[in-house]
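J.: Pasting a structure below so you can have a look.
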Amino acid sequence: MIAHPEYIALAGSIACTCAGQILMKGAQRQPSRYPLNNLLHPLMILGLASMFMVTILSTYVLGKIELRTYTAWSSLNYPFTVLLAGAIYKEVVGRNILAGVTLVSLGVLIFSL
């Protein structure tokens, strides 16, 4: 039996958040003139499904751990998403972006403690 399943669900929530944002960004790389086509793009549907999983996992996790702990750990979403977008979509991740992500993550972390 798993000792702390809430932390596995928390890691899943973080992973699904990053995946959902990356998938939805991929759907918008070549947007259609028609908004409905953008919404029905397969990557958009997968991204939205991933974000739905975030809702389910987060609801479970928030019932088991403190909000401040959840918030501190969820601040990992920011750097992971930026680094993944840089790796997958060959986006330039310069000093300014890294500094901004670092400041946001540190701010969330400090606020949560």
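Simple scheme: letters A, B, ... for chains in structure tokens order, numbers from 1 for residues in each chain, numbers from 1 for ligands in the order shown.
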Could you pull the residues within 10 Å of Val108 of chain A, counting only C-alpha atoms, minus those fewer than 4 positions along the same chain, as a PyMOL selection string?

T.: chain A and resi 68+71-76+102-104+112-113

J.: Using only C-alpha atoms, which residues sit within 12 Å of segment 38-47 of chain A once same-chain residues fewer than 5 positions away are excluded, as a JSON list (two decimals) with C-alpha atoms, in the first residue's frame?

T.:
[["chain", "number", "residue", "atom", "x", "y", "z"],
["A", 15, "ALA", "CA", 2.52, 17.01, -14.35],
["A", 16, "CYS", "CA", -1.01, 17.34, -15.78],
["A", 17, "THR", "CA", -0.90, 21.13, -15.45],
["A", 18, "CYS", "CA", 2.35, 21.33, -17.40],
["A", 19, "ALA", "CA", 1.15, 18.83, -19.99],
["A", 20, "GLY", "CA", -2.19, 20.62, -20.42],
["A", 21, "GLN", "CA", -0.56, 23.99, -21.00],
["A", 22, "ILE", "CA", 1.95, 22.54, -23.47],
["A", 23, "LEU", "CA", -0.78, 20.67, -25.37],
["A", 24, "MET", "CA", -3.03, 23.74, -25.60],
["A", 25, "LYS", "CA", -0.10, 25.83, -26.79],
["A", 26, "GLY", "CA", 0.59, 23.22, -29.45],
["A", 27, "ALA", "CA", -3.00, 23.46, -30.65],
["A", 28, "GLN", "CA", -2.60, 27.20, -31.15],
["A", 29, "ARG", "CA", 0.67, 27.09, -33.07],
["A", 30, "GLN", "CA", -1.28, 27.38, -36.35],
["A", 31, "PRO", "CA", -4.61, 28.89, -35.38],
["A", 32, "SER", "CA", -7.64, 28.62, -37.62],
["A", 33, "ARG", "CA", -9.74, 31.57, -38.72],
["A", 52, "PHE", "CA", -9.87, 18.45, -16.02],
["A", 53, "MET", "CA", -7.62, 15.82, -14.42],
["A", 54, "VAL", "CA", -5.85, 18.65, -12.58]]

J.: Tell me which protein, DNA and RNA residues are within 10 Å of Val101 of chain A, counting only C-alpha atoms, leaving out same-chain ones fewer than 3 positions away, and put them as number ranges by chain.

T.: A: 75-82, 95-98, 104-107

J.: Taking C-alpha atoms for each residue, export the selection above as a PDB file, in the first residue's frame.

T.:
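Everything below was put into part19.pdb:
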ATOM      1  CA  SER A  75       4.757  26.665  -7.890  1.00  0.00           C
ATOM      2  CA  LEU A  76       6.861  24.067  -9.723  1.00  0.00           C
ATOM      3  CA  ASN A  77       4.374  24.393 -12.600  1.00  0.00           C
ATOM      4  CA  TYR A  78       5.959  27.647 -13.744  1.00  0.00           C
ATOM      5  CA  PRO A  79       9.560  26.564 -14.350  1.00  0.00           C
ATOM      6  CA  PHE A  80       8.583  23.132 -15.668  1.00  0.00           C
ATOM      7  CA  THR A  81       6.174  24.612 -18.213  1.00  0.00           C
ATOM      8  CA  VAL A  82       8.690  27.204 -19.431  1.00  0.00           C
ATOM      9  CA  ARG A  95      17.699  35.461 -18.953  1.00  0.00           C
ATOM     10  CA  ASN A  96      14.666  37.708 -18.564  1.00  0.00           C
ATOM     11  CA  ILE A  97      12.243  34.796 -18.806  1.00  0.00           C
ATOM     12  CA  LEU A  98      14.274  32.696 -16.377  1.00  0.00           C
ATOM     13  CA  VAL A 104       7.269  34.187  -9.479  1.00  0.00           C
ATOM     14  CA  SER A 105       8.191  30.756  -8.113  1.00  0.00           C
ATOM     15  CA  LEU A 106      10.090  32.237  -5.166  1.00  0.00           C
ATOM     16  CA  GLY A 107       7.246  34.633  -4.454  1.00  0.00           C
TER      17      GLY A 107
END

J.: Counting only C-alpha atoms, which residue out of A:Val93, A:Leu36, A:Leu48, A:Leu10 sits closest to Leu62 of chain A?

T.: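 Smallest separation from Leu62 of chain A among the options: A:Leu10.
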
J.: Enumerate, as a PyMOL selection string, the complete set of residues in chain A that a backbone-based DSSP assignment places in helix (DSSP H, G or I).

T.: chain A and resi 5-27+35-39+42-62+67-74+77-89+95-112

J.: I'd like the neighbourhood of Lys64 of chain A as a VMD selection string, where a residue qualifies if any of its atoms comes within 8 Å (using only C-alpha atoms), though same-chain residues fewer than 3 positions away should be ignored.

T.: chain A and resid 6 60 to 61
